[in-house]
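Scroll down for the structure; my scribbles are underneath it.
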Amino acid sequence: MITHIVMWKFKDGEEEKVDEFLNGLKGLKNVIPQIVDMEVGKNVNDKNDFEAALVLKVRTLADLEIYKDHPEHLKVSALCKQIRTDRKAVDFETDD
């Protein structure tokens, strides 16, 4: 199992588009069959550095690439690129 974790910081004043982006991400769970599990949320702790995160589980690195290249993901990602100021990601494998 591959776990893909992404965290974002966003431009000030983009709260409506941030919500649109996060809701768009959540909607991908029902669209991209390679997604095994997905959690998306806004940071609730002001002491943390990032404003939102994604934890995505897929079976293989090939499935992760399918997710990343899926047309619906590319639409959501395009919105994110317009409103983010920073992004960090990590992918790791587990024996699940």
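As shown in the structure tokens, the chain order sets the letters A, B, ...; within each chain, residues go from 1, and ligands are also counted from 1 in the order they appear.
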Exercise for the section: Determine, counting only C-alpha atoms, which protein, DNA and RNA residues have an atom within 10 Å of an atom of A:Gln82; residues of the same chain fewer than 3 positions away are not included. Present the result as number ranges by chain. Expected result: A: 10-11, 14, 17, 77-79, 85
For the selection just defined, write its residues with all heavy atoms to a file, as an mmCIF file, in the first residue's frame.
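Listed below is the output, selection_5.cif:
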```cif
data_model
loop_
_atom_site.group_PDB
_atom_site.id
_atom_site.type_symbol
_atom_site.label_atom_id
_atom_site.label_comp_id
_atom_site.auth_asym_id
_atom_site.auth_seq_id
_atom_site.Cartn_x
_atom_site.Cartn_y
_atom_site.Cartn_z
ATOM 1 N N PHE A 10 -1.919 28.471 1.680
ATOM 2 C CA PHE A 10 -2.682 29.176 0.658
ATOM 3 C C PHE A 10 -2.516 30.685 0.767
ATOM 4 O O PHE A 10 -2.196 31.217 1.832
ATOM 5 C CB PHE A 10 -4.171 28.819 0.771
ATOM 6 C CG PHE A 10 -4.441 27.357 0.607
ATOM 7 C CD1 PHE A 10 -4.723 26.565 1.707
ATOM 8 C CD2 PHE A 10 -4.396 26.763 -0.638
ATOM 9 C CE1 PHE A 10 -4.969 25.206 1.563
ATOM 10 C CE2 PHE A 10 -4.635 25.408 -0.802
ATOM 11 C CZ PHE A 10 -4.929 24.625 0.304
ATOM 12 N N LYS A 11 -2.768 31.353 -0.345
ATOM 13 C CA LYS A 11 -2.753 32.819 -0.381
ATOM 14 C C LYS A 11 -3.854 33.371 0.525
ATOM 15 O O LYS A 11 -4.925 32.774 0.639
ATOM 16 C CB LYS A 11 -2.985 33.322 -1.809
ATOM 17 C CG LYS A 11 -1.922 32.920 -2.785
ATOM 18 C CD LYS A 11 -2.301 33.351 -4.200
ATOM 19 C CE LYS A 11 -1.282 32.873 -5.217
ATOM 20 N NZ LYS A 11 -1.705 33.172 -6.599
ATOM 21 N N GLU A 14 -8.254 33.746 -0.052
ATOM 22 C CA GLU A 14 -8.720 32.726 -1.003
ATOM 23 C C GLU A 14 -9.564 31.637 -0.334
ATOM 24 O O GLU A 14 -9.676 30.536 -0.851
ATOM 25 C CB GLU A 14 -7.514 32.076 -1.702
ATOM 26 C CG GLU A 14 -6.723 33.012 -2.566
ATOM 27 C CD GLU A 14 -7.444 33.417 -3.847
ATOM 28 O OE1 GLU A 14 -8.582 32.985 -4.082
ATOM 29 O OE2 GLU A 14 -6.848 34.185 -4.625
ATOM 30 N N LYS A 17 -12.083 29.694 -2.499
ATOM 31 C CA LYS A 17 -11.432 28.794 -3.457
ATOM 32 C C LYS A 17 -10.752 27.632 -2.746
ATOM 33 O O LYS A 17 -10.677 26.530 -3.289
ATOM 34 C CB LYS A 17 -10.441 29.555 -4.327
ATOM 35 C CG LYS A 17 -11.121 30.434 -5.354
ATOM 36 C CD LYS A 17 -10.135 31.090 -6.284
ATOM 37 C CE LYS A 17 -10.852 31.947 -7.298
ATOM 38 N NZ LYS A 17 -9.935 32.624 -8.213
ATOM 39 N N SER A 77 -6.190 20.002 -9.245
ATOM 40 C CA SER A 77 -4.813 20.432 -9.037
ATOM 41 C C SER A 77 -4.551 21.807 -9.649
ATOM 42 O O SER A 77 -3.824 22.624 -9.081
ATOM 43 C CB SER A 77 -3.859 19.392 -9.631
ATOM 44 O OG SER A 77 -2.533 19.768 -9.440
ATOM 45 N N ALA A 78 -5.163 22.077 -10.786
ATOM 46 C CA ALA A 78 -4.983 23.380 -11.439
ATOM 47 C C ALA A 78 -5.500 24.506 -10.544
ATOM 48 O O ALA A 78 -4.869 25.564 -10.433
ATOM 49 C CB ALA A 78 -5.689 23.396 -12.787
ATOM 50 N N LEU A 79 -6.626 24.283 -9.885
ATOM 51 C CA LEU A 79 -7.152 25.280 -8.955
ATOM 52 C C LEU A 79 -6.180 25.474 -7.800
ATOM 53 O O LEU A 79 -5.872 26.605 -7.414
ATOM 54 C CB LEU A 79 -8.531 24.867 -8.438
ATOM 55 C CG LEU A 79 -9.116 25.749 -7.333
ATOM 56 C CD1 LEU A 79 -9.248 27.208 -7.784
ATOM 57 C CD2 LEU A 79 -10.452 25.191 -6.868
ATOM 58 N N THR A 85 0.598 28.809 -1.800
ATOM 59 C CA THR A 85 1.896 29.464 -1.691
ATOM 60 C C THR A 85 2.997 28.457 -1.396
ATOM 61 O O THR A 85 4.165 28.743 -1.605
ATOM 62 C CB THR A 85 1.894 30.538 -0.587
ATOM 63 O OG1 THR A 85 1.614 29.921 0.669
ATOM 64 C CG2 THR A 85 0.892 31.640 -0.899
#
```
Exercise for the section: Could you find all residues in chain A that DSSP calls strand (DSSP E or B) from the backbone, and write them as an MDAnalysis selection string? Expected result: chainID A and resid 2:10 37:42 52:58 84:93
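If you look at atom CA of A:Met1 and atom CA of A:Asp63, they are 10.0 Å away from each other.
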Contacts of A:Lys9 at 7 Å or less, counting only C-alpha atoms, minus same-chain residues fewer than 5 places along, as a compact mmCIF listing (two decimals) with N, CA and C atoms, in the first residue's frame?
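Final output, saved to selection_11.txt:
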```txt
# COMPACT_ATOMS: atom_id res chain seq x y z
N PHE A 50 1.09 24.33 8.16
CA PHE A 50 0.32 24.20 6.94
C PHE A 50 -1.17 24.29 7.22
N GLU A 51 -1.94 24.67 6.20
CA GLU A 51 -3.36 24.98 6.38
C GLU A 51 -4.31 23.84 6.04
N ARG A 84 -2.25 28.30 -3.98
CA ARG A 84 -1.28 27.88 -2.95
C ARG A 84 -0.03 28.75 -2.97
N THR A 85 0.60 28.81 -1.80
CA THR A 85 1.90 29.46 -1.69
C THR A 85 3.00 28.46 -1.40
N ASP A 86 2.61 27.28 -0.90
CA ASP A 86 3.60 26.24 -0.58
C ASP A 86 2.91 24.89 -0.60
N ARG A 87 3.71 23.87 -0.92
CA ARG A 87 3.21 22.49 -0.97
C ARG A 87 4.35 21.58 -0.57
```
Practice task
Would you return as a ChimeraX atom specification the members of chain A that DSSP assigns to helix (DSSP H, G or I) on this structure's backbone?
Solution key: /A:15-30,61-69,71-83
Let me see the file: selected residues, N, CA, C and O atoms, as a short mmCIF file (atom, residue, chain, number, x, y, z; two decimals), in the first residue's frame.
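Writing the result to again_25.cif gives the following:
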```
data_model
loop_
_atom_site.label_atom_id
_atom_site.label_comp_id
_atom_site.auth_asym_id
_atom_site.auth_seq_id
_atom_site.Cartn_x
_atom_site.Cartn_y
_atom_site.Cartn_z
N GLU A 15 -10.19 31.96 0.79
CA GLU A 15 -10.90 30.95 1.57
C GLU A 15 -11.97 30.22 0.76
O GLU A 15 -12.12 29.00 0.86
N GLU A 16 -12.71 30.94 -0.07
CA GLU A 16 -13.77 30.31 -0.87
C GLU A 16 -13.17 29.31 -1.86
O GLU A 16 -13.67 28.20 -2.03
N LYS A 17 -12.08 29.69 -2.50
CA LYS A 17 -11.43 28.79 -3.46
C LYS A 17 -10.75 27.63 -2.75
O LYS A 17 -10.68 26.53 -3.29
N VAL A 18 -10.25 27.86 -1.53
CA VAL A 18 -9.67 26.76 -0.75
C VAL A 18 -10.75 25.72 -0.48
O VAL A 18 -10.53 24.52 -0.66
N ASP A 19 -11.92 26.16 -0.06
CA ASP A 19 -13.03 25.22 0.18
C ASP A 19 -13.41 24.50 -1.10
O ASP A 19 -13.65 23.28 -1.08
N GLU A 20 -13.45 25.21 -2.21
CA GLU A 20 -13.76 24.59 -3.50
C GLU A 20 -12.72 23.52 -3.84
O GLU A 20 -13.05 22.42 -4.28
N PHE A 21 -11.45 23.86 -3.63
CA PHE A 21 -10.37 22.91 -3.89
C PHE A 21 -10.49 21.66 -3.02
O PHE A 21 -10.45 20.54 -3.51
N LEU A 22 -10.66 21.85 -1.71
CA LEU A 22 -10.73 20.70 -0.80
C LEU A 22 -11.96 19.85 -1.08
O LEU A 22 -11.87 18.61 -1.05
N ASN A 23 -13.08 20.47 -1.38
CA ASN A 23 -14.28 19.70 -1.74
C ASN A 23 -14.08 18.95 -3.05
O ASN A 23 -14.54 17.82 -3.21
N GLY A 24 -13.36 19.58 -3.99
CA GLY A 24 -13.04 18.89 -5.24
C GLY A 24 -12.18 17.67 -5.01
O GLY A 24 -12.40 16.62 -5.61
N LEU A 25 -11.20 17.81 -4.12
CA LEU A 25 -10.36 16.65 -3.78
C LEU A 25 -11.20 15.53 -3.19
O LEU A 25 -11.07 14.36 -3.59
N LYS A 26 -12.06 15.88 -2.23
CA LYS A 26 -12.91 14.86 -1.59
C LYS A 26 -13.77 14.13 -2.62
O LYS A 26 -13.98 12.93 -2.50
N GLY A 27 -14.23 14.85 -3.62
CA GLY A 27 -15.07 14.24 -4.65
C GLY A 27 -14.35 13.23 -5.52
O GLY A 27 -14.99 12.38 -6.15
N LEU A 28 -13.03 13.30 -5.55
CA LEU A 28 -12.27 12.36 -6.38
C LEU A 28 -12.38 10.93 -5.88
O LEU A 28 -12.19 9.98 -6.65
N LYS A 29 -12.69 10.76 -4.61
CA LYS A 29 -12.80 9.40 -4.04
C LYS A 29 -13.84 8.58 -4.78
O LYS A 29 -13.69 7.37 -4.92
N ASN A 30 -14.88 9.23 -5.26
CA ASN A 30 -15.95 8.52 -5.97
C ASN A 30 -15.74 8.47 -7.47
O ASN A 30 -16.57 7.93 -8.19
N LEU A 61 2.55 2.29 -6.67
CA LEU A 61 3.03 3.54 -7.24
C LEU A 61 2.41 3.81 -8.60
O LEU A 61 2.15 4.95 -8.96
N ALA A 62 2.15 2.74 -9.36
CA ALA A 62 1.49 2.91 -10.66
C ALA A 62 0.08 3.48 -10.46
O ALA A 62 -0.35 4.36 -11.22
N ASP A 63 -0.63 3.02 -9.43
CA ASP A 63 -1.96 3.57 -9.13
C ASP A 63 -1.86 5.04 -8.74
O ASP A 63 -2.74 5.84 -9.08
N LEU A 64 -0.80 5.40 -8.02
CA LEU A 64 -0.60 6.80 -7.65
C LEU A 64 -0.43 7.66 -8.90
O LEU A 64 -0.98 8.75 -8.99
N GLU A 65 0.32 7.18 -9.86
CA GLU A 65 0.51 7.91 -11.11
C GLU A 65 -0.80 8.05 -11.88
O GLU A 65 -1.08 9.10 -12.47
N ILE A 66 -1.61 7.00 -11.86
CA ILE A 66 -2.93 7.07 -12.51
C ILE A 66 -3.77 8.15 -11.84
O ILE A 66 -4.41 8.96 -12.51
N TYR A 67 -3.75 8.17 -10.51
CA TYR A 67 -4.46 9.21 -9.76
C TYR A 67 -3.97 10.60 -10.16
O TYR A 67 -4.76 11.48 -10.48
N LYS A 68 -2.66 10.78 -10.14
CA LYS A 68 -2.08 12.10 -10.43
C LYS A 68 -2.40 12.56 -11.85
O LYS A 68 -2.59 13.76 -12.09
N ASP A 69 -2.47 11.64 -12.81
CA ASP A 69 -2.69 11.98 -14.21
C ASP A 69 -4.16 11.96 -14.62
O ASP A 69 -4.49 12.31 -15.76
N PRO A 71 -7.78 13.04 -15.43
CA PRO A 71 -8.27 14.37 -15.83
C PRO A 71 -9.00 15.12 -14.72
O PRO A 71 -8.86 16.34 -14.61
N GLU A 72 -9.76 14.43 -13.89
CA GLU A 72 -10.48 15.11 -12.80
C GLU A 72 -9.51 15.60 -11.73
O GLU A 72 -9.71 16.67 -11.16
N HIS A 73 -8.46 14.83 -11.45
CA HIS A 73 -7.45 15.30 -10.50
C HIS A 73 -6.70 16.50 -11.07
O HIS A 73 -6.41 17.46 -10.35
N LEU A 74 -6.41 16.48 -12.35
CA LEU A 74 -5.70 17.59 -12.97
C LEU A 74 -6.51 18.89 -12.87
O LEU A 74 -5.93 19.96 -12.66
N LYS A 75 -7.83 18.81 -12.98
CA LYS A 75 -8.69 19.99 -12.83
C LYS A 75 -8.58 20.55 -11.41
O LYS A 75 -8.43 21.76 -11.22
N VAL A 76 -8.69 19.68 -10.42
CA VAL A 76 -8.60 20.10 -9.02
C VAL A 76 -7.21 20.66 -8.73
O VAL A 76 -7.06 21.68 -8.07
N SER A 77 -6.19 20.00 -9.24
CA SER A 77 -4.81 20.43 -9.04
C SER A 77 -4.55 21.81 -9.65
O SER A 77 -3.82 22.62 -9.08
N ALA A 78 -5.16 22.08 -10.79
CA ALA A 78 -4.98 23.38 -11.44
C ALA A 78 -5.50 24.51 -10.54
O ALA A 78 -4.87 25.56 -10.43
N LEU A 79 -6.63 24.28 -9.89
CA LEU A 79 -7.15 25.28 -8.96
C LEU A 79 -6.18 25.47 -7.80
O LEU A 79 -5.87 26.60 -7.41
N CYS A 80 -5.67 24.39 -7.26
CA CYS A 80 -4.73 24.47 -6.15
C CYS A 80 -3.51 25.30 -6.52
O CYS A 80 -3.05 26.14 -5.74
N LYS A 81 -2.98 25.08 -7.70
CA LYS A 81 -1.78 25.81 -8.13
C LYS A 81 -2.01 27.31 -8.20
O LYS A 81 -1.09 28.09 -8.01
N GLN A 82 -3.26 27.72 -8.41
CA GLN A 82 -3.60 29.15 -8.47
C GLN A 82 -3.64 29.79 -7.09
O GLN A 82 -3.42 30.99 -6.96
N ILE A 83 -3.94 29.01 -6.06
CA ILE A 83 -4.19 29.58 -4.74
C ILE A 83 -3.15 29.20 -3.68
O ILE A 83 -3.17 29.76 -2.59
#
```
Handout entry: Among listed residues A:Met7, A:Ala53, A:Val90, A:Ile2, nearest A:Ile35 (using only C-alpha atoms)
Key = A:Ile2
Completion exercise
Between A:Arg59, A:Ala52, A:Lys47, A:Ile5, smallest distance to A:Gln34 by only C-alpha atoms belongs to A:Arg59
Problem - Among the residues A:Asp95, A:Thr3, A:Asp12, A:Val31, the one that comes closest to A:Val55 [using only C-alpha atoms] - result: A:Thr3
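The spacing separating atom CA of A:His70 from atom CA of A:Asp96 amounts to 24.2 Å.
Minimum atom-to-atom distances from A:Leu54, A:Thr60, A:Glu39, A:Asn45 to A:Lys88 were compared using only C-alpha atoms, and the lowest value belongs to A:Leu54.
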